[in-house]
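These notes are about the structure you will find just below.
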Amino acid sequence: MKVLALGGAGAMGRVAVRVATGLPGVQEIVVADRDAHAAARLAQELGASGVRMSAREVDVTDEAELDAALKEADIVLNTVGPYYRFGLGVLRAAIRTRTHYLDICDDWEPTLEMLDLDADARVAGVCAVIGMGASPGISNLLAARAVTRLDTVTDLYTAWPVDVPGAGADDTDLRGPDGRPIAAAVHWMQQIRGTIAVVSNGELVQRQPLRPVALTLPGGRKGTAYTVGHPEPVTLQRSYRPTGDAANLMVITPGTVAYLDVLRSDLDSGRLTNETAAADLAKPTMRRALRAAVRAVRFSAPGSLPPFFAAATGTRNGRPLTVLAHLVSTGGLMKNMSEATGIPAAAGLAQLLDGTVVQESTRRKRSSIPSASSPTWPSWPSQSGS
């Protein structure tokens, strides 16, 4: 099959493309990017992979240009962010051109709109998988793993690490080669401002971000994590109908969440845009650092929480039960943000290629991926209950 890798020359896209060259069924990959030179370099680097490689300049905001590129492909792997700006338009184009679709969408706002395209995708015969990265993606699989132990689900949380051991934060550069903040950093600023989607008393609602959630988990693990805007509450609420609360959380140190809180205040007041806030995060200013130092005492530590996990509470056989699902061994997957997101995206692509995903609909990936179809997947998650 011919794969169009939109944003394929970017940090996460190039990881997915590299892994995709080793997938059975991939005959050709077109690295499509607004940076034509970067796309050409990557295509040349992977020229000896055994897969036909080529490069193409594509601006996803140019409808005619985007449609032309999509019409020549069987599947599009879309890693162009931030998704709150570009995700919905690319998915609509994929449905319009009858091109199967997979992305790593990590914004909750377009997720709601993209899921509403289910009927259109069915009519077009398009299979679209949205949010197949680390969070969402791996996080949804961990949540699915956790709820299998429960008869009823009350609370359901997913969490990812920022600057705790296992986060790989030191290996992640928030600026691109051009010096501008990467899309993931801009997305992050969008998801700590205003209000975000969470589940409260079983209903999808909007609340202020960076709210503390104190957790006591099996194995004596306990600590505090903080809410951030992400698609998991939207999709998991649809899948498992928790009757209590659900949110996506950051496992983060008090000093860092305090700095995010300073940025949140300045974003909400209009003193910063998502881009200027992301630039500030990449190179913190002394003034904001001092403001954060004052606020840090308000925030609690992550304690002994795992770096990347899902936790579900509910009942089994009429008795209360809390279930924790987390990765036993990441096999280097969490080394940095690009690897953690790009590798699962390629694993999702493998499912589209081998027919594991056959339903012609727009949906969030929710079921466990068989290890036989994704050799780069990390070890199966550990699961414990109390």
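Each chain in the structure tokens gets a letter, A, B, ..., in the order shown, and its residues are numbered from 1; ligands are numbered from 1 in order too.
The residue set within 9 Å of Leu23 (chain A), counting only C-alpha atoms and dropping same-chain residues fewer than 3 places from it, reads Val19, Ala20, Val26, Ala346, Ala347, Leu349, Ala350, Leu353 and Ser374 of chain A.
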May I have the residues from that selection written out with N, CA and C atoms, as a PDB file, in the first residue's frame?
```
ATOM      1  N   VAL A  19       9.664   3.665  11.479  1.00  0.00           N
ATOM      2  CA  VAL A  19       9.129   2.359  11.879  1.00  0.00           C
ATOM      3  C   VAL A  19       8.267   1.770  10.766  1.00  0.00           C
ATOM      4  N   ALA A  20       7.520   2.623  10.076  1.00  0.00           N
ATOM      5  CA  ALA A  20       6.613   2.155   9.026  1.00  0.00           C
ATOM      6  C   ALA A  20       7.345   1.510   7.866  1.00  0.00           C
ATOM      7  N   VAL A  26       3.635  -2.250   3.403  1.00  0.00           N
ATOM      8  CA  VAL A  26       3.986  -0.892   2.982  1.00  0.00           C
ATOM      9  C   VAL A  26       4.920  -0.983   1.784  1.00  0.00           C
ATOM     10  N   ALA A 346       2.848   4.139  14.400  1.00  0.00           N
ATOM     11  CA  ALA A 346       3.210   3.125  13.415  1.00  0.00           C
ATOM     12  C   ALA A 346       2.561   1.788  13.744  1.00  0.00           C
ATOM     13  N   ALA A 347       2.421   1.470  15.034  1.00  0.00           N
ATOM     14  CA  ALA A 347       1.743   0.236  15.429  1.00  0.00           C
ATOM     15  C   ALA A 347       0.277   0.273  15.000  1.00  0.00           C
ATOM     16  N   LEU A 349      -0.825   1.984  12.469  1.00  0.00           N
ATOM     17  CA  LEU A 349      -0.781   1.835  11.017  1.00  0.00           C
ATOM     18  C   LEU A 349      -0.704   0.363  10.627  1.00  0.00           C
ATOM     19  N   ALA A 350       0.050  -0.419  11.395  1.00  0.00           N
ATOM     20  CA  ALA A 350       0.158  -1.853  11.124  1.00  0.00           C
ATOM     21  C   ALA A 350      -1.209  -2.523  11.174  1.00  0.00           C
ATOM     22  N   LEU A 353      -3.095  -1.790   8.038  1.00  0.00           N
ATOM     23  CA  LEU A 353      -2.522  -2.533   6.917  1.00  0.00           C
ATOM     24  C   LEU A 353      -2.909  -4.004   6.921  1.00  0.00           C
ATOM     25  N   SER A 374       2.313  -6.002  16.195  1.00  0.00           N
ATOM     26  CA  SER A 374       3.072  -4.780  16.447  1.00  0.00           C
ATOM     27  C   SER A 374       4.335  -5.119  17.222  1.00  0.00           C
TER      28      SER A 374
END
```
For this session: Would you list, as a PyMOL selection string, the residues of region 309-359 of chain A that end up in strand (DSSP E or B) under DSSP run on this structure's backbone?
Result: chain A and resi 309-316+319-327
Problem set entry | Spatial neighbours of region 211-223 of chain A, 7 Å, only C-alpha atoms, chain gap at least 2 places, as JSON, numbers by chain | {"A": [208, 209, 225, 226, 227, 301, 302, 303, 304, 305, 322, 323, 324, 384, 385, 386]}
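For the pair CA of Asp120 (chain A) and CA of Thr97 (chain A), the separation is 11.7 Å.
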For this session: Apply DSSP to the backbone of this structure and, from region 48-183 of chain A, keep only the residues in helix (DSSP H, G or I); write these as a count of residues only.
Result: 52
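The residue that comes closest to Ala94 (chain A), out of A:Phe308, A:Arg52, A:Ala134, A:Leu4 and on the basis of only C-alpha atoms, is A:Leu4.
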For this session: Name all residues at most 8 Å from region 53-66 of chain A (count only C-alpha atoms; drop same-chain ones fewer than 4 positions away) and give them as a ChimeraX atom specification.
Result: /A:6,28-36,39-40,43-44,46-47,70,86,89-90,93
Store the residues of this selection in a file with C-alpha atoms, as a PDB file, in the first residue's frame.
```pdb
ATOM      1  CA  LEU A   6       1.559  14.190   6.461  1.00  0.00           C
ATOM      2  CA  GLU A  28       5.629   3.189  -0.774  1.00  0.00           C
ATOM      3  CA  ILE A  29       5.787   6.142   1.612  1.00  0.00           C
ATOM      4  CA  VAL A  30       5.442   9.745   0.551  1.00  0.00           C
ATOM      5  CA  VAL A  31       6.927  12.081   3.157  1.00  0.00           C
ATOM      6  CA  ALA A  32       4.667  15.124   2.868  1.00  0.00           C
ATOM      7  CA  ASP A  33       5.537  18.272   4.777  1.00  0.00           C
ATOM      8  CA  ARG A  34       5.415  22.048   4.453  1.00  0.00           C
ATOM      9  CA  ASP A  35       9.214  21.875   4.734  1.00  0.00           C
ATOM     10  CA  ALA A  36      10.057  20.322   1.375  1.00  0.00           C
ATOM     11  CA  ALA A  39      10.905  15.871   3.649  1.00  0.00           C
ATOM     12  CA  ALA A  40      13.437  15.218   0.900  1.00  0.00           C
ATOM     13  CA  ALA A  43      13.158  10.275   2.109  1.00  0.00           C
ATOM     14  CA  GLN A  44      16.799  10.095   1.083  1.00  0.00           C
ATOM     15  CA  LEU A  46      15.401   5.952   4.297  1.00  0.00           C
ATOM     16  CA  GLY A  47      16.034   5.232   0.643  1.00  0.00           C
ATOM     17  CA  LEU A  70      -4.567  12.274  -0.585  1.00  0.00           C
ATOM     18  CA  PHE A  86      -5.569  21.263  11.582  1.00  0.00           C
ATOM     19  CA  GLY A  89      -9.760  19.677   8.101  1.00  0.00           C
ATOM     20  CA  VAL A  90      -7.395  16.822   7.262  1.00  0.00           C
ATOM     21  CA  ALA A  93     -10.284  15.738   3.299  1.00  0.00           C
TER      22      ALA A  93
END
```
